[in-house]
Amino acid sequence: MLEIKNLQASIENNKILNGINLSIKAGEVHAIMGPNGSGKSTLASVLAGRTEYEITGGSVTFNGKDLFDLEIEERAREGLFLAFQYPQEIPGVNNVYLLKAAVNAVRKHRGQDEFDAYDFLSLVKEKVKFMEMDEKFLHRGVNEGFSGGEKKRNEILQMLMLEPQLAVLDETDSGLDIDALKVVSKGVNAMRSEERGILMVTHYQRLLDYIKPDFVHVLVNGKIVKSGDHTLALELEAKGYDWLLDAEAA
Amino acid sequence: MKAIEDQIANKYKHGFVTDIDSDTLPPGLNEDVIRHISRIKNEPQFLLDFRLKAFAHWKTLPKPDWAKLNIEPIDYQAISYYSAPKIDENAPKSLDEVDPKLLETYDKLGIPLHERARLAGVAVDAVFDSVSVATTFKDTLHKAGVIFGSFSEAAQNYPELIEEYLGTVVPIEDNFFAALNSAVFTDGSFVYIPKGVRCPMELSTYFRINAANTGQFERTLIIADEGSHVSYLEGCTAPMRDENQLHAAVVELVAQKDAEIKYSTVQNWYPGDENGVGGIYNFVTKRGDCRGDRSKISWTQVETGSAITWKYPSCLLKGDDSVGEFYSVAVTNNYQQADTGTKMIHIGKNTKSTIIAKGISAGKSNSSYRGLVKILPSAENARNYSQCDSLLMGSTCGAHTFPYIEAKNPTAKIEHEATTSKVSDDQLFYCRQRGISEEDAVNMIVNGFCKSVFQELPMEFAVEAQALLAVSLEGAVG
């Protein structure tokens, strides 16, 4: 589904990604871990299409298409979803209005009919309940005055509604208390399926207690230096990243 | 910010000239021209006297000096002061008789007069180059006792009302453009709502500017007698042209005891091209007089057009417990300049005013909010709340806020809030990552910003306003 080959990217002439190779198949859950500044969030941003990064080499194909040929919104409509580390506030725009516009844009792209207001609202209410959110969040401005935990739940709510092919979760666990972490994990686990790939970017192993990945990759200095199954995460938890940094330096 | 700059590279959709025979005076302004206008319109003597007095005063006034506006000197002798579509005995008795080209023009603007009027229940007094050519729903209004029609008609049929109220809210001495308008106004709308009557429909006038080089000087007078209620809509678009056009309207509102006037405007005159060439000069004097106790006047405006806008719809809160409101969205793009705001003059006891002003600047444009809240010694317990928010798109535009407050009564309570924000690349990226196109994302963010004003507009106008905003900020994306 997603093929990343020798991907290199820089920002303001600083090389952040130094040749990443990663293949994600439908049904798989991958976790990318690594110390601060290793390029985890950059990878997520580059996949979603943030324009301040310059792609200096390599390729990414998404369902056989060259990802870099697609505009930001085209990637989204093709089924690439990014759960933001810092979701944006958009004052005055109803949360539910943005959600409906997004869902219908994606449905239109897939050749499906746009939702009518009633069907949409009943579906969204069901998902809101599942995410243990108050319905009043639907009618507040997008992320306007939301707490950190509320913003993250809202991201997952959007994911549940958009049903992406590939979900990229950028530090979705950061700033969450244990209860919120459980709810967010419940949302992500509900999305696991044979047709869907999930890529989690995280600093801590904690999230992986709740969402068990099939593969764990360690990113250091913009390169994947070690890959393994979920036990790798436990090893990192016990030993930290230093032994890998040393290995990289050697 | 490249994305946003592309986004706001705007094309004016309503740019076209309709080829209709106009009966146009040669350029120039003197007493003869004024007598000529008055004679064409067969006006009563008091109106001619009013005009001549205004003209005499205008000649003594210095040309205005502009605060935040950059304006080429205007040659008032190069303007033609009268232009009318061919009327007299051939005047259309119904829409069938209206020049088809005129109707076509309305169609291009998406204002199918007949259909729209019937379906929406809106009476439309279409002012096309200064003279009304079609008025609908007169009967329904007539039954309710409401007078709604062109100013010229009213001058013939209800001269006593005109004589009683004209110039009592905006005196001829008020300012340079008010004096000019008082001297040369050609037509406009007149509304009278009798005591205790709730006007059975929204009253709507679409103004158009059409003949080349013709200044437009509308005069509107709306009187809501005791206990009455009226909602009036004014909307405009203009054809594209290269030369600047002067527009100096005067609108006077009078609300007697317990009366309420809601005046909504969507202004979309030609703003000039991407390089700032052409465009309408829009110098308007709008004022409402809350003359009676518990009266209320509410101004709502969406200003997207004109090269230069200079406009401060104001309220004189004379009656005790009277209420003044001002809700405004002003959009400027390319080289547009807007200096707009309001004045709330508190005179009566327990008077209240609310000001919500939203300015959106894009391109190389400049937008200023200028507001005055004045509490006179007589205004016990006056209250004001003002909120001025500016939204910047790109880094080459400007927004300025000039709130003036004068409180001469210690019981006054005045609150003022102001914010400035930007449509950020992060917000756009967020929306696009959810599958929403860049253009839709900009519209969504801007509409969110304007929400508290749009919800004050009548429903169908709110929809139109949102569409207008989308057109004003539309660009060649993709």
# chains A, B, ... in the order shown; residues from 1 in each chain; ligands from 1
>>> interface_residues(of="chain B", to="chain A", cutoff="10 Å", atoms="only C-alpha atoms", output="ChimeraX atom specification")
/B:423-438,440-441,444-452,478
>>> select_by_dssp(residues="region 341-427 of chain B", states="strand (DSSP E or B)", output="ChimeraX atom specification")
/B:341-346,352-361,366-375,383-392,398-407,413-422
>>> atom_distance(atom1="CA of Gly222 (chain A)", atom2="CA of Gly197 (chain A)")
21.9 Å
>>> residues_around(residues="Ile156 (chain A)", least_positions_apart="5", cutoff="12 Å", atoms="only C-alpha atoms", output="short mmCIF file (atom, residue, chain, number, x, y, z; two decimals) with N, CA, C and O atoms, in the first residue's frame")
data_model
loop_
_atom_site.label_atom_id
_atom_site.label_comp_id
_atom_site.auth_asym_id
_atom_site.auth_seq_id
_atom_site.Cartn_x
_atom_site.Cartn_y
_atom_site.Cartn_z
N PHE A 81 -4.54 9.68 5.82
CA PHE A 81 -5.01 10.53 6.91
C PHE A 81 -3.88 10.77 7.88
O PHE A 81 -3.16 9.86 8.27
N LEU A 82 -3.72 12.03 8.28
CA LEU A 82 -2.72 12.37 9.29
C LEU A 82 -3.45 12.87 10.55
O LEU A 82 -4.19 13.85 10.50
N ALA A 83 -3.24 12.16 11.66
CA ALA A 83 -3.71 12.67 12.94
C ALA A 83 -2.60 13.58 13.47
O ALA A 83 -1.48 13.13 13.70
N PHE A 84 -2.91 14.85 13.60
CA PHE A 84 -1.89 15.85 13.89
C PHE A 84 -1.40 15.80 15.33
O PHE A 84 -2.16 15.53 16.25
N GLN A 85 -0.13 16.11 15.47
CA GLN A 85 0.41 16.26 16.82
C GLN A 85 -0.18 17.52 17.49
O GLN A 85 -0.53 17.50 18.65
N PRO A 87 -3.23 19.71 16.55
CA PRO A 87 -4.37 20.05 15.68
C PRO A 87 -4.67 21.55 15.71
O PRO A 87 -4.57 22.18 16.76
N LEU A 99 -16.17 18.58 9.42
CA LEU A 99 -16.21 17.13 9.30
C LEU A 99 -17.06 16.71 8.11
O LEU A 99 -16.69 15.84 7.33
N LYS A 127 -20.34 7.90 16.47
CA LYS A 127 -18.88 7.90 16.66
C LYS A 127 -18.47 8.78 17.85
O LYS A 127 -17.51 8.47 18.56
N VAL A 128 -19.19 9.86 18.03
CA VAL A 128 -18.91 10.75 19.16
C VAL A 128 -19.09 9.98 20.47
O VAL A 128 -18.29 10.09 21.40
N PHE A 130 -18.88 6.77 20.83
CA PHE A 130 -17.82 5.77 20.91
C PHE A 130 -16.53 6.39 21.46
O PHE A 130 -15.80 5.75 22.21
N MET A 131 -16.27 7.64 21.06
CA MET A 131 -15.07 8.32 21.53
C MET A 131 -15.26 8.99 22.89
O MET A 131 -14.41 9.75 23.35
N GLU A 132 -16.41 8.71 23.50
CA GLU A 132 -16.73 9.25 24.83
C GLU A 132 -16.57 10.76 24.88
O GLU A 132 -16.00 11.33 25.80
N MET A 133 -17.08 11.40 23.83
CA MET A 133 -17.07 12.86 23.77
C MET A 133 -18.48 13.39 23.96
O MET A 133 -19.46 12.68 23.73
N GLY A 149 -6.23 16.85 25.32
CA GLY A 149 -6.86 15.54 25.20
C GLY A 149 -8.07 15.57 24.28
O GLY A 149 -8.30 14.66 23.48
N GLU A 150 -8.84 16.66 24.37
CA GLU A 150 -10.04 16.80 23.53
C GLU A 150 -9.65 16.91 22.06
O GLU A 150 -10.32 16.36 21.18
N LYS A 151 -8.56 17.63 21.81
CA LYS A 151 -8.10 17.77 20.42
C LYS A 151 -7.72 16.41 19.84
O LYS A 151 -8.04 16.09 18.70
N MET A 161 -14.59 8.84 11.01
CA MET A 161 -15.57 9.27 10.01
C MET A 161 -15.01 9.15 8.59
O MET A 161 -15.74 8.85 7.66
N LEU A 162 -13.72 9.42 8.43
CA LEU A 162 -13.13 9.45 7.09
C LEU A 162 -12.72 8.06 6.59
O LEU A 162 -12.52 7.88 5.39
N GLU A 163 -12.59 7.11 7.50
CA GLU A 163 -12.23 5.74 7.14
C GLU A 163 -11.08 5.68 6.13
O GLU A 163 -11.24 5.19 5.00
N PRO A 164 -9.90 6.17 6.53
CA PRO A 164 -8.79 6.21 5.58
C PRO A 164 -8.23 4.83 5.27
O PRO A 164 -8.45 3.88 6.01
N ALA A 167 -3.64 5.38 7.94
CA ALA A 167 -3.69 6.41 8.97
C ALA A 167 -2.30 6.62 9.53
O ALA A 167 -1.63 5.67 9.94
N VAL A 168 -1.85 7.88 9.50
CA VAL A 168 -0.56 8.23 10.08
C VAL A 168 -0.84 9.00 11.37
O VAL A 168 -1.50 10.04 11.33
N LEU A 169 -0.40 8.45 12.49
CA LEU A 169 -0.69 9.09 13.78
C LEU A 169 0.60 9.71 14.30
O LEU A 169 1.54 9.00 14.65
N ASP A 170 0.62 11.04 14.34
CA ASP A 170 1.83 11.75 14.75
C ASP A 170 1.76 12.09 16.24
O ASP A 170 1.03 13.00 16.64
N THR A 172 0.30 10.87 18.70
CA THR A 172 -1.07 10.97 19.15
C THR A 172 -1.19 10.78 20.67
O THR A 172 -2.12 11.27 21.29
N ASP A 173 -0.20 10.14 21.26
CA ASP A 173 -0.26 9.90 22.71
C ASP A 173 0.28 11.07 23.53
O ASP A 173 0.10 11.11 24.73
N ALA A 180 -7.64 9.28 28.74
CA ALA A 180 -7.75 9.74 27.36
C ALA A 180 -6.96 8.81 26.43
O ALA A 180 -7.40 8.51 25.32
N LEU A 181 -5.82 8.35 26.91
CA LEU A 181 -5.00 7.43 26.11
C LEU A 181 -5.77 6.16 25.79
O LEU A 181 -5.73 5.65 24.67
N VAL A 183 -9.06 5.85 25.60
CA VAL A 183 -10.13 6.13 24.63
C VAL A 183 -9.56 6.27 23.22
O VAL A 183 -10.09 5.72 22.26
N VAL A 184 -8.46 7.02 23.12
CA VAL A 184 -7.83 7.22 21.82
C VAL A 184 -7.38 5.87 21.24
O VAL A 184 -7.60 5.58 20.06
N SER A 185 -6.81 5.03 22.08
CA SER A 185 -6.37 3.72 21.63
C SER A 185 -7.55 2.87 21.17
O SER A 185 -7.47 2.14 20.18
N LYS A 186 -8.63 2.96 21.92
CA LYS A 186 -9.85 2.24 21.53
C LYS A 186 -10.28 2.64 20.12
O LYS A 186 -10.62 1.77 19.29
N GLY A 187 -10.21 3.95 19.86
CA GLY A 187 -10.57 4.45 18.54
C GLY A 187 -9.65 3.89 17.45
O GLY A 187 -10.11 3.46 16.39
N VAL A 188 -8.36 3.89 17.74
CA VAL A 188 -7.40 3.40 16.74
C VAL A 188 -7.59 1.90 16.52
O VAL A 188 -7.61 1.42 15.38
N ASN A 189 -7.76 1.16 17.61
CA ASN A 189 -7.94 -0.28 17.49
C ASN A 189 -9.19 -0.64 16.69
O ASN A 189 -9.23 -1.63 15.96
N ALA A 190 -10.22 0.21 16.83
CA ALA A 190 -11.46 -0.02 16.08
C ALA A 190 -11.21 0.12 14.58
O ALA A 190 -11.97 -0.40 13.77
N MET A 191 -10.16 0.84 14.25
CA MET A 191 -9.86 1.07 12.84
C MET A 191 -9.01 -0.04 12.23
O MET A 191 -8.81 -0.09 11.02
#
>>> select_by_dssp(residues="region 96-239 of chain A", states="alpha helix (DSSP H)", output="ChimeraX atom specification")
/A:96-109,117-130,148-162,178-191,206-210,231-239
>>> residues_around(residues="region 410-413 of chain B", least_positions_apart="5", cutoff="7 Å", atoms="only C-alpha atoms", output="PyMOL selection string")
chain B and resi 380-384
>>> residues_around(residues="Gly57 (chain A)", least_positions_apart="5", cutoff="8 Å", atoms="only C-alpha atoms", output="PyMOL selection string")
chain A and resi 6-9+19
>>> write_last_selection(atoms="all heavy atoms", output="compact mmCIF listing (two decimals), in the first residue's frame")
# COMPACT_ATOMS: atom_id res chain seq x y z
N ASN A 6 14.28 4.90 -0.08
CA ASN A 6 15.43 5.81 0.02
C ASN A 6 15.01 7.29 0.13
O ASN A 6 15.59 8.17 -0.49
CB ASN A 6 16.34 5.60 -1.21
CG ASN A 6 17.69 6.30 -1.01
OD1 ASN A 6 18.15 6.44 0.13
ND2 ASN A 6 18.29 6.75 -2.10
N LEU A 7 13.97 7.54 0.91
CA LEU A 7 13.42 8.89 1.00
C LEU A 7 14.36 9.84 1.74
O LEU A 7 14.81 9.57 2.85
CB LEU A 7 12.06 8.85 1.71
CG LEU A 7 11.36 10.20 1.92
CD1 LEU A 7 11.05 10.88 0.59
CD2 LEU A 7 10.09 10.03 2.74
N GLN A 8 14.64 10.97 1.06
CA GLN A 8 15.47 12.00 1.66
C GLN A 8 14.75 13.33 1.60
O GLN A 8 14.15 13.67 0.58
CB GLN A 8 16.80 12.12 0.91
CG GLN A 8 17.64 10.85 0.96
CD GLN A 8 18.64 10.79 -0.17
OE1 GLN A 8 19.41 11.72 -0.36
NE2 GLN A 8 18.61 9.72 -0.93
N ALA A 9 14.78 14.07 2.70
CA ALA A 9 14.09 15.36 2.73
C ALA A 9 14.85 16.32 3.62
O ALA A 9 15.52 15.92 4.58
CB ALA A 9 12.67 15.18 3.25
N GLY A 19 17.35 8.84 3.78
CA GLY A 19 17.24 7.57 3.08
C GLY A 19 16.41 6.57 3.87
O GLY A 19 16.94 5.63 4.45
>>> closest_residue(among="B:Val442, B:Ile71, B:Val184, B:Val463", to="Gly28 (chain B)", atoms="only C-alpha atoms")
B:Val184
>>> residues_around(residues="Pro64 (chain B)", least_positions_apart="3", cutoff="12 Å", atoms="only C-alpha atoms", output="PyMOL selection string")
chain B and resi 58+61+67+69-74+175-178+283+310
>>> atom_distance(atom1="CA of Gly145 (chain A)", atom2="CA of Thr419 (chain B)")
16.3 Å
